[in-house]
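Student: Take a look at this one; I'll ask things after.
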Amino acid sequence: MASLSYTHILPLSPISTPKKPISSRFLFRSQNPKTLSTSVTFTNSKSNASSSSSSSSSSSVSIELNASTLREICQAHVPEHVLRRVEEVGYVRPTDVQKQALPLLFSGRDCILHAQTGSGKTLAYLLLIFSVINTQRSTVQAVIVVPTRELGTQVTRVARMLAARPMELELEQKSCTVMALLDGGMLKRHKSWLKAQPPTIVVATIKSLCQMLEKKILKLESMKVLIIDEVDFMFNSSKEVSSLRKLLTSYSSLHNRQTIFASASIPQHNRFVHDCIQQKWTKSDVVHVHVNPIQPMPSCLHHRFVICGKNKRHQTLLSLLQSDAPESGIIFVGEQSEKSKKAGNAPPTTSLVDFLRTSYVGCSDIHLLEEDMNFNSRAASLSEVRQGGSYLLVATDIAARGVDLPETTHIYNFDLPRTAVDYLHRAGRTGRKPFSDNRCTVTNILMSEERFVLQRYENELLFNCEELIL
Ligand SMILES: Nc1ncnc2c1ncn2[C@@H]1O[C@H](COP(=O)(O)OP(=O)(O)OP(=O)(O)O)[C@@H](O)[C@H]1O
């Protein structure tokens with residue numbers, strides 16, 4: 001039987017509602033009973049994690065569930081100076097995904113990290129990288145592929161922060177270098193850097209990475225770890241998928257590397273695991289670490305909706321902002337249609353920013369982030385938002401994947417997202433402080449005829465949305 005591509009099985013249409021919620025563990029029956037893949041499912045954050053093998057082979061995975069600190073889990077694997085940095089930054093307790101995935105990652109198994117937004121997947125895979133790299137060698141040993149420049153910049157920042165060494169060590173040994181190879185970057189400068197002294201870790205968008213590979217400026221023969229972050233998004237993007245397949249199967253060999261896929265959403269995950277093995281993207285004993293599958297949405301989020309007429313949406317948003325007075329929030333706006341562009345209309349994001357700047361006095365820092373902005377303006381918006389203080393960010397879905405602004409307390413869907421998966425990622429831009437009890441709010445502005453779409457997302461993602469009457 002010809003194996004199916006994962007690209008073909010993701011829900012492409014916003015209207016296609018799966019019969020079962022995406023958290024169901026039994027959407028797919030393995031076609032290949034000999035597979036060694038293991039599914040490790042954790043349903044309870046406090047204790048009693050249950051581990052189960054998804055298929056026939058006895059693939060035993062020993063997981064240290066009693067470790068209460070990151071140091072306990074990592075100290076046999078991760079260099080001391082990295083562990084010290086981890087603690088200095090305040091990462092002491094492991095999150096659920098870190099507790100459950102790190103022992104598997106350190107054991108060398110390929111893994112699919114499937115855990116809620118904001119659950120700390122980035123630190124989990126970075127700690128793996130620091131456990132395997134040898135900074136004395138000037139070769140690329142780890143590659144992290146991300147879908148957007150924004151996420152790439154963020155991951156690079158965290159990796160560099162962990163790599164920073166105390167002065168005395170700096171003099172003794174070479175330090176780990178991290179290169180951001182992202183679309184819109186200064187690729188000429190990167191070429192010279194790669195030729196002179198290859199970095200230890202490369203964080204890249206797939207397009208820029210493949211450009212360097214095709215020109216043979218970057219070589220992956222020493223790569224020990226390959227991470228694909230937001231993997232479902234990457235496989236679902238027609239622009240990225242063929243390059244991604246090449247990277248997984250031609251540019252490097254699965255036997256020489258440990259392959260990690262990460263995302264908060266992996267629709268039809270059992271099929272994905274199957275495809276990983278069939279297509280040789282991972283080894284056959286790949287582990288699917290699925291944290292809290294019965295609750296895809298973080299529990300600290302409170303979801304609301306307001307119904308209003310099409311022409312009242314700006315005013316409704318203004319009333320919401322005035323009554324919520326959010327310290328920091330993101331307002332998601334749908335992309336401008338081709339028809340509207342051709343008609344010469346201003347993008348809806350720009351109109352909304354102009355409206356808020358003139359009408360909303362509660363926040364002086366209102367920023368914009370969308371695809372059509374140049375890379376410098378995009379970076380400037382995010383860096384201003386990161387500086388702290390009160391902010392409102394008006395954004396398209398470019399800000400929906402991976403972007404970590406932990407101070408965000410409110411999300412407003414000025415336009416409903418196109419799919420339940422998009423809803424999950426937009427909502428997950430808030431509630432990003434792993435051990436905090438603060439309740440964060442996601443508010444949807446709807447026309448009455450859109451209520452059924454939101455209801456479908458509620459059914460699919462297993463959450464409740466409360467109506468708010470203004
Ligand atoms: N052990 C920890 N203790 C405290 N904070 C942590 C810990 N691990 C990660 N964090 C923080 O949690 C936040 C979310 O982490 P991260 O960005 O890795 O989430 P994620 O799982 O990749 O989410 P998404 O799926 O949305 O990309 C970050 O601000 C990070 O600094």
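Convention: chains lettered A, B, ... in structure tokens order; per-chain residue numbering from 1; ligands numbered from 1 as shown.
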Write out as a tab-separated table a residue-level contact list of region 285-389 of chain A versus region 432-450 of chain A with cut-off 9 Å: for each qualifying residue the closest pair of atoms and the distance in Å to one decimal, counting only C-alpha atoms, rows sorted by chain and residue number upward.

Tutor:
residue	atom	partner	partner_atom	distance
A:Ser299	CA	A:Arg439	CA	8.8
A:Cys300	CA	A:Arg439	CA	5.1
A:Leu301	CA	A:Cys440	CA	5.0
A:His302	CA	A:Thr441	CA	4.8
A:His303	CA	A:Val442	CA	4.8
A:Arg304	CA	A:Thr443	CA	4.7
A:Phe305	CA	A:Asn444	CA	4.5
A:Val306	CA	A:Ile445	CA	5.1
A:Ile307	CA	A:Leu446	CA	4.8
A:Cys308	CA	A:Met447	CA	5.4
A:Gly309	CA	A:Met447	CA	5.7
A:Lys310	CA	A:Met447	CA	6.4
A:Arg313	CA	A:Ile445	CA	7.1
A:Thr316	CA	A:Ile445	CA	7.7
A:Leu317	CA	A:Ile445	CA	7.5
A:Leu320	CA	A:Thr443	CA	8.9

Student: Store the residues picked out above, limited to N, CA, C and O atoms, as a tab-separated table (two decimals), in the first residue's frame.

Tutor:
chain	number	residue	atom	x	y	z
A	299	SER	N	-5.92	24.81	31.20
A	299	SER	CA	-7.12	24.97	32.04
A	299	SER	C	-7.25	26.37	32.63
A	299	SER	O	-8.32	26.73	33.10
A	300	CYS	N	-6.18	27.17	32.61
A	300	CYS	CA	-6.28	28.50	33.22
A	300	CYS	C	-6.97	29.51	32.30
A	300	CYS	O	-7.11	30.68	32.65
A	301	LEU	N	-7.42	29.06	31.13
A	301	LEU	CA	-8.04	30.02	30.21
A	301	LEU	C	-9.56	30.07	30.39
A	301	LEU	O	-10.22	29.05	30.50
A	302	HIS	N	-10.08	31.29	30.39
A	302	HIS	CA	-11.52	31.49	30.48
A	302	HIS	C	-11.98	32.03	29.12
A	302	HIS	O	-11.48	33.06	28.66
A	303	HIS	N	-12.91	31.31	28.50
A	303	HIS	CA	-13.32	31.67	27.13
A	303	HIS	C	-14.68	32.35	27.14
A	303	HIS	O	-15.62	31.85	27.80
A	304	ARG	N	-14.82	33.44	26.40
A	304	ARG	CA	-16.09	34.17	26.34
A	304	ARG	C	-16.38	34.52	24.88
A	304	ARG	O	-15.47	34.54	24.05
A	305	PHE	N	-17.65	34.82	24.63
A	305	PHE	CA	-17.96	35.38	23.31
A	305	PHE	C	-19.00	36.48	23.44
A	305	PHE	O	-19.80	36.49	24.38
A	306	VAL	N	-18.96	37.41	22.49
A	306	VAL	CA	-19.92	38.51	22.44
A	306	VAL	C	-20.49	38.51	21.03
A	306	VAL	O	-19.73	38.40	20.06
A	307	ILE	N	-21.80	38.60	20.96
A	307	ILE	CA	-22.42	38.66	19.62
A	307	ILE	C	-22.71	40.12	19.27
A	307	ILE	O	-23.25	40.85	20.11
A	308	CYS	N	-22.36	40.50	18.07
A	308	CYS	CA	-22.70	41.87	17.64
A	308	CYS	C	-22.87	41.91	16.12
A	308	CYS	O	-22.49	40.96	15.43
A	309	GLY	N	-23.41	42.97	15.62
A	309	GLY	CA	-23.61	43.12	14.17
A	309	GLY	C	-22.28	43.41	13.49
A	309	GLY	O	-21.32	43.86	14.14
A	310	LYS	N	-22.24	43.16	12.17
A	310	LYS	CA	-20.98	43.32	11.42
A	310	LYS	C	-20.37	44.72	11.57
A	310	LYS	O	-19.17	44.88	11.70
A	313	ARG	N	-18.42	45.90	15.23
A	313	ARG	CA	-17.32	45.14	15.84
A	313	ARG	C	-16.24	46.02	16.46
A	313	ARG	O	-15.74	45.74	17.53
A	316	THR	N	-17.64	47.29	19.66
A	316	THR	CA	-17.74	46.21	20.66
A	316	THR	C	-16.37	45.93	21.26
A	316	THR	O	-16.23	45.78	22.48
A	317	LEU	N	-15.34	45.88	20.41
A	317	LEU	CA	-13.99	45.65	20.93
A	317	LEU	C	-13.61	46.78	21.90
A	317	LEU	O	-13.05	46.52	22.99
A	320	LEU	N	-15.23	46.28	25.17
A	320	LEU	CA	-14.59	45.17	25.90
A	320	LEU	C	-13.28	45.64	26.54
A	320	LEU	O	-13.01	45.37	27.71

Student: With only C-alpha atoms as the counted atoms, please give the residues lying no more than 12 Å from Arg85 (chain A), apart from itself and same-chain residues fewer than 4 positions off, as a PyMOL selection string.

Tutor: chain A and resi 70-71+78-81+89-92+123+127+130+158-166

Student: Determine which residues of region 249-323 of chain A DSSP labels as strand (DSSP E or B) from the backbone of this structure, then write them out as a list in words.

Tutor: Gln258, Thr259, Ile260, Phe261, Ala262, Ser263, Val287, His288, Val289, His290, Val291, Leu301, His302, His303, Arg304, Phe305, Val306 and Ile307 of chain A

Student: Output N, CA and C atoms for every residue in the selection just made, as a CSV table (one decimal), in the first residue's frame.

Tutor:
chain,number,residue,atom,x,y,z
A,258,GLN,N,19.2,12.3,16.1
A,258,GLN,CA,18.0,12.0,16.9
A,258,GLN,C,16.9,13.1,16.4
A,259,THR,N,15.8,12.6,16.1
A,259,THR,CA,14.8,13.5,15.5
A,259,THR,C,13.7,13.8,16.5
A,260,ILE,N,13.4,15.1,16.6
A,260,ILE,CA,12.3,15.5,17.6
A,260,ILE,C,11.3,16.4,16.9
A,261,PHE,N,10.0,16.0,17.0
A,261,PHE,CA,9.0,16.9,16.4
A,261,PHE,C,8.2,17.4,17.6
A,262,ALA,N,7.8,18.7,17.6
A,262,ALA,CA,7.1,19.3,18.7
A,262,ALA,C,5.9,20.1,18.2
A,263,SER,N,4.8,20.0,18.9
A,263,SER,CA,3.7,20.9,18.7
A,263,SER,C,2.6,20.7,19.8
A,287,VAL,N,9.0,7.7,20.0
A,287,VAL,CA,8.0,7.8,21.1
A,287,VAL,C,7.1,9.0,20.9
A,288,HIS,N,5.8,8.8,21.1
A,288,HIS,CA,4.9,9.9,21.0
A,288,HIS,C,4.6,10.2,22.5
A,289,VAL,N,5.1,11.3,22.9
A,289,VAL,CA,4.9,11.8,24.3
A,289,VAL,C,3.7,12.7,24.3
A,290,HIS,N,2.6,12.2,24.8
A,290,HIS,CA,1.3,13.0,24.7
A,290,HIS,C,0.9,13.4,26.1
A,291,VAL,N,1.1,14.6,26.4
A,291,VAL,CA,0.8,15.1,27.8
A,291,VAL,C,-0.6,15.6,27.8
A,301,LEU,N,-7.4,29.1,31.1
A,301,LEU,CA,-8.0,30.0,30.2
A,301,LEU,C,-9.6,30.1,30.4
A,302,HIS,N,-10.1,31.3,30.4
A,302,HIS,CA,-11.5,31.5,30.5
A,302,HIS,C,-12.0,32.0,29.1
A,303,HIS,N,-12.9,31.3,28.5
A,303,HIS,CA,-13.3,31.7,27.1
A,303,HIS,C,-14.7,32.3,27.1
A,304,ARG,N,-14.8,33.4,26.4
A,304,ARG,CA,-16.1,34.2,26.3
A,304,ARG,C,-16.4,34.5,24.9
A,305,PHE,N,-17.7,34.8,24.6
A,305,PHE,CA,-18.0,35.4,23.3
A,305,PHE,C,-19.0,36.5,23.4
A,306,VAL,N,-19.0,37.4,22.5
A,306,VAL,CA,-19.9,38.5,22.4
A,306,VAL,C,-20.5,38.5,21.0
A,307,ILE,N,-21.8,38.6,21.0
A,307,ILE,CA,-22.4,38.7,19.6
A,307,ILE,C,-22.7,40.1,19.3

Student: Write out as a JSON list (two decimals) with N, CA, C and O atoms, in the first residue's frame each polymer residue (protein, DNA or RNA) that has an atom no more than 7 Å from ligand 1, with only C-alpha atoms and all ligand atoms counted.

Tutor:
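To be explicit, this is the file written out as selection_29.json:
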[["chain", "number", "residue", "atom", "x", "y", "z"],
["A", 90, "GLY", "N", 15.31, 30.87, 36.72],
["A", 90, "GLY", "CA", 14.13, 30.57, 37.52],
["A", 90, "GLY", "C", 13.43, 29.28, 37.11],
["A", 90, "GLY", "O", 12.32, 29.00, 37.55],
["A", 91, "TYR", "N", 14.06, 28.49, 36.24],
["A", 91, "TYR", "CA", 13.47, 27.20, 35.87],
["A", 91, "TYR", "C", 13.99, 26.16, 36.87],
["A", 91, "TYR", "O", 15.09, 25.63, 36.69],
["A", 92, "VAL", "N", 13.22, 25.87, 37.87],
["A", 92, "VAL", "CA", 13.66, 24.91, 38.88],
["A", 92, "VAL", "C", 12.82, 23.65, 38.81],
["A", 92, "VAL", "O", 13.32, 22.54, 38.65],
["A", 93, "ARG", "N", 11.51, 23.85, 38.91],
["A", 93, "ARG", "CA", 10.61, 22.69, 38.79],
["A", 93, "ARG", "C", 10.41, 22.35, 37.33],
["A", 93, "ARG", "O", 10.21, 23.24, 36.51],
["A", 94, "PRO", "N", 10.40, 21.08, 36.98],
["A", 94, "PRO", "CA", 10.11, 20.73, 35.58],
["A", 94, "PRO", "C", 8.60, 20.84, 35.32],
["A", 94, "PRO", "O", 7.80, 20.54, 36.21],
["A", 95, "THR", "N", 8.24, 21.27, 34.15],
["A", 95, "THR", "CA", 6.82, 21.20, 33.78],
["A", 95, "THR", "C", 6.51, 19.73, 33.44],
["A", 95, "THR", "O", 7.43, 18.91, 33.33],
["A", 115, "ALA", "N", 2.27, 18.48, 23.55],
["A", 115, "ALA", "CA", 1.80, 19.00, 24.85],
["A", 115, "ALA", "C", 1.26, 20.41, 24.66],
["A", 115, "ALA", "O", 1.66, 21.13, 23.73],
["A", 116, "GLN", "N", 0.40, 20.80, 25.59],
["A", 116, "GLN", "CA", -0.32, 22.08, 25.49],
["A", 116, "GLN", "C", 0.59, 23.27, 25.15],
["A", 116, "GLN", "O", 1.78, 23.25, 25.44],
["A", 117, "THR", "N", -0.02, 24.31, 24.63],
["A", 117, "THR", "CA", 0.71, 25.56, 24.40],
["A", 117, "THR", "C", 1.25, 26.06, 25.75],
["A", 117, "THR", "O", 0.60, 25.86, 26.79],
["A", 118, "GLY", "N", 2.41, 26.65, 25.73],
["A", 118, "GLY", "CA", 2.99, 27.23, 26.95],
["A", 118, "GLY", "C", 3.44, 26.20, 27.97],
["A", 118, "GLY", "O", 3.69, 26.54, 29.14],
["A", 119, "SER", "N", 3.60, 24.95, 27.56],
["A", 119, "SER", "CA", 3.93, 23.92, 28.55],
["A", 119, "SER", "C", 5.45, 23.70, 28.69],
["A", 119, "SER", "O", 5.88, 22.88, 29.48],
["A", 120, "GLY", "N", 6.26, 24.40, 27.91],
["A", 120, "GLY", "CA", 7.72, 24.32, 28.10],
["A", 120, "GLY", "C", 8.41, 23.30, 27.20],
["A", 120, "GLY", "O", 9.44, 22.75, 27.56],
["A", 121, "LYS", "N", 7.90, 23.12, 25.99],
["A", 121, "LYS", "CA", 8.53, 22.17, 25.06],
["A", 121, "LYS", "C", 9.91, 22.68, 24.61],
["A", 121, "LYS", "O", 10.83, 21.90, 24.40],
["A", 122, "THR", "N", 10.03, 24.01, 24.48],
["A", 122, "THR", "CA", 11.30, 24.58, 23.99],
["A", 122, "THR", "C", 12.45, 24.22, 24.92],
["A", 122, "THR", "O", 13.51, 23.77, 24.47],
["A", 123, "LEU", "N", 12.24, 24.43, 26.21],
["A", 123, "LEU", "CA", 13.33, 24.13, 27.15],
["A", 123, "LEU", "C", 13.65, 22.63, 27.11],
["A", 123, "LEU", "O", 14.81, 22.23, 27.19],
["A", 263, "SER", "N", 4.82, 20.01, 18.93],
["A", 263, "SER", "CA", 3.66, 20.89, 18.70],
["A", 263, "SER", "C", 2.62, 20.68, 19.79],
["A", 263, "SER", "O", 2.59, 19.63, 20.44],
["A", 264, "ALA", "N", 1.76, 21.69, 19.95],
["A", 264, "ALA", "CA", 0.62, 21.53, 20.86],
["A", 264, "ALA", "C", -0.54, 20.86, 20.13],
["A", 264, "ALA", "O", -1.51, 20.42, 20.76],
["A", 401, "ARG", "N", 1.63, 31.20, 16.44],
["A", 401, "ARG", "CA", 2.41, 29.98, 16.67],
["A", 401, "ARG", "C", 3.68, 30.27, 17.46],
["A", 401, "ARG", "O", 4.56, 31.00, 17.00],
["A", 402, "GLY", "N", 3.75, 29.71, 18.64],
["A", 402, "GLY", "CA", 5.01, 29.67, 19.39],
["A", 402, "GLY", "C", 5.42, 30.95, 20.09],
["A", 402, "GLY", "O", 6.21, 30.91, 21.01],
["A", 403, "VAL", "N", 4.91, 32.11, 19.63],
["A", 403, "VAL", "CA", 5.40, 33.37, 20.20],
["A", 403, "VAL", "C", 5.09, 33.41, 21.69],
["A", 403, "VAL", "O", 3.97, 33.15, 22.13],
["A", 404, "ASP", "N", 6.12, 33.70, 22.48],
["A", 404, "ASP", "CA", 6.01, 33.62, 23.93],
["A", 404, "ASP", "C", 6.07, 35.02, 24.54],
["A", 404, "ASP", "O", 7.14, 35.60, 24.64],
["A", 405, "LEU", "N", 4.92, 35.54, 24.90],
["A", 405, "LEU", "CA", 4.85, 36.84, 25.59],
["A", 405, "LEU", "C", 4.14, 36.54, 26.91],
["A", 405, "LEU", "O", 2.91, 36.68, 27.00],
["A", 406, "PRO", "N", 4.88, 36.08, 27.92],
["A", 406, "PRO", "CA", 4.24, 35.54, 29.11],
["A", 406, "PRO", "C", 3.36, 36.52, 29.87],
["A", 406, "PRO", "O", 2.50, 36.11, 30.63],
["A", 425, "HIS", "N", -3.99, 27.64, 19.11],
["A", 425, "HIS", "CA", -2.71, 28.35, 19.15],
["A", 425, "HIS", "C", -2.88, 29.83, 19.48],
["A", 425, "HIS", "O", -2.09, 30.38, 20.24],
["A", 428, "GLY", "N", -3.55, 30.04, 23.09],
["A", 428, "GLY", "CA", -2.36, 29.66, 23.84],
["A", 428, "GLY", "C", -1.29, 30.74, 23.88],
["A", 428, "GLY", "O", -0.22, 30.53, 24.45],
["A", 429, "ARG", "N", -1.55, 31.92, 23.32],
["A", 429, "ARG", "CA", -0.58, 33.02, 23.49],
["A", 429, "ARG", "C", -0.75, 33.65, 24.87],
["A", 429, "ARG", "O", 0.00, 34.52, 25.25],
["A", 432, "ARG", "N", 0.75, 31.57, 29.84],
["A", 432, "ARG", "CA", 2.06, 30.97, 29.54],
["A", 432, "ARG", "C", 3.03, 31.02, 30.72],
["A", 432, "ARG", "O", 4.23, 31.05, 30.54],
["A", 433, "LYS", "N", 2.47, 31.03, 31.93],
["A", 433, "LYS", "CA", 3.36, 30.95, 33.09],
["A", 433, "LYS", "C", 3.08, 29.61, 33.75],
["A", 433, "LYS", "O", 2.06, 29.45, 34.43],
["A", 434, "PRO", "N", 3.94, 28.62, 33.54],
["A", 434, "PRO", "CA", 3.62, 27.24, 33.89],
["A", 434, "PRO", "C", 3.08, 26.98, 35.30],
["A", 434, "PRO", "O", 2.19, 26.18, 35.44],
["A", 435, "PHE", "N", 3.57, 27.68, 36.30],
["A", 435, "PHE", "CA", 3.09, 27.33, 37.64],
["A", 435, "PHE", "C", 2.22, 28.44, 38.25],
["A", 435, "PHE", "O", 2.10, 28.55, 39.45]]

Student: So which residues touch Gln75 (chain A) within 10 Å, counting only C-alpha atoms, skipping near sequence neighbours fewer than 6 positions away, as an MDAnalysis selection string?

Tutor: chainID A and resid 82:83 131

Student: For a test of reading the model, state the distance in Å between CA of Tyr457 (chain A) and CA of Leu424 (chain A), rounded to one decimal.

Tutor: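 These atoms are spaced 8.8 Å apart.
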
Student: Would you pick out the contacts of Leu462 (chain A) at 7 Å or less, using only C-alpha atoms, so that residues sharing its chain but fewer than 3 positions from it are not included, and give the list as JSON, numbers by chain?

Tutor: {"A": [295, 458, 459]}

Student: Name the closest residue to Ile228 (chain A) among the candidates A:Gly152, A:Gly334, A:Pro198, A:Gly389; distances are taken between atoms, counting only C-alpha atoms.

Tutor: A:Gly152

Student: Ala180 (chain A): which residues within 7 Å, counting only C-alpha atoms, same-chain residues fewer than 3 positions away excluded, as a list in words?

Tutor: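 Returned residues: Gly152, Thr153, Thr156, Val202, Val203 and Ala204 of chain A.
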
Student: Could you take the residues named above and write them with all heavy atoms, as an mmCIF file, in the first residue's frame?

Tutor:
data_model
loop_
_atom_site.group_PDB
_atom_site.id
_atom_site.type_symbol
_atom_site.label_atom_id
_atom_site.label_comp_id
_atom_site.auth_asym_id
_atom_site.auth_seq_id
_atom_site.Cartn_x
_atom_site.Cartn_y
_atom_site.Cartn_z
ATOM 1 N N GLY A 152 11.783 31.893 15.462
ATOM 2 C CA GLY A 152 13.216 31.609 15.367
ATOM 3 C C GLY A 152 14.042 32.550 16.237
ATOM 4 O O GLY A 152 14.964 32.130 16.938
ATOM 5 N N THR A 153 13.686 33.824 16.206
ATOM 6 C CA THR A 153 14.432 34.802 17.009
ATOM 7 C C THR A 153 14.275 34.470 18.492
ATOM 8 O O THR A 153 15.220 34.557 19.272
ATOM 9 C CB THR A 153 13.865 36.217 16.717
ATOM 10 O OG1 THR A 153 13.785 36.374 15.323
ATOM 11 C CG2 THR A 153 14.715 37.306 17.305
ATOM 12 N N THR A 156 16.280 31.327 19.415
ATOM 13 C CA THR A 156 17.707 31.678 19.427
ATOM 14 C C THR A 156 18.054 32.396 20.734
ATOM 15 O O THR A 156 19.082 32.125 21.354
ATOM 16 C CB THR A 156 18.026 32.605 18.228
ATOM 17 O OG1 THR A 156 17.585 31.963 17.051
ATOM 18 C CG2 THR A 156 19.509 32.894 18.124
ATOM 19 N N VAL A 202 22.083 25.646 14.942
ATOM 20 C CA VAL A 202 21.470 26.539 13.951
ATOM 21 C C VAL A 202 19.961 26.529 14.177
ATOM 22 O O VAL A 202 19.346 25.468 14.269
ATOM 23 C CB VAL A 202 21.785 26.064 12.502
ATOM 24 C CG1 VAL A 202 20.990 26.869 11.488
ATOM 25 C CG2 VAL A 202 23.269 26.178 12.210
ATOM 26 N N VAL A 203 19.395 27.733 14.296
ATOM 27 C CA VAL A 203 17.933 27.865 14.369
ATOM 28 C C VAL A 203 17.508 28.450 13.029
ATOM 29 O O VAL A 203 18.001 29.524 12.648
ATOM 30 C CB VAL A 203 17.516 28.814 15.518
ATOM 31 C CG1 VAL A 203 15.997 28.899 15.605
ATOM 32 C CG2 VAL A 203 18.107 28.357 16.852
ATOM 33 N N ALA A 204 16.650 27.761 12.300
ATOM 34 C CA ALA A 204 16.422 28.176 10.902
ATOM 35 C C ALA A 204 14.972 28.027 10.468
ATOM 36 O O ALA A 204 14.246 27.170 10.956
ATOM 37 C CB ALA A 204 17.297 27.324 9.988
#

Student: Looking at only C-alpha atoms, which of A:Ser390, A:Val453, A:Pro348, A:Thr69 is the one that sits closest to Pro417 (chain A)?

Tutor: A:Val453

Student: In terms of the shortest atom-to-atom distance over only C-alpha atoms, which of A:Tyr251, A:Ser107, A:Thr205, A:Met234 is closest to Lys219 (chain A)?

Tutor: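 Going through A:Tyr251, A:Ser107, A:Thr205, A:Met234 one by one, the smallest distance to Lys219 (chain A) is for A:Tyr251.
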
Student: Select, from A:Glu88, A:Ile129, A:Gly362, A:Glu150, the residue with the minimum atom-to-atom distance to Ser377 (chain A), counting only C-alpha atoms.

Tutor: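 Of A:Glu88, A:Ile129, A:Gly362, A:Glu150, the one nearest Ser377 (chain A) is A:Glu150, counting only C-alpha atoms.
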
Student: Could you please determine the separation between CA of Thr396 (chain A) and CA of Ser340 (chain A) in Å, to one decimal place?

Tutor: 15.9 Å

Student: Rounded to one decimal in Å, what is the spacing between CA of Leu128 (chain A) and CA of His77 (chain A)?

Tutor: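 These two atoms are separated by 8.3 Å.
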
Student: Need to verify the contact set: Gln197 (chain A), 9 Å, only C-alpha atoms, exclusion of same-chain residues closer than 5 positions in sequence. Can you return it as a list in words?

Tutor: Ser138, Thr139 and Ser192 of chain A
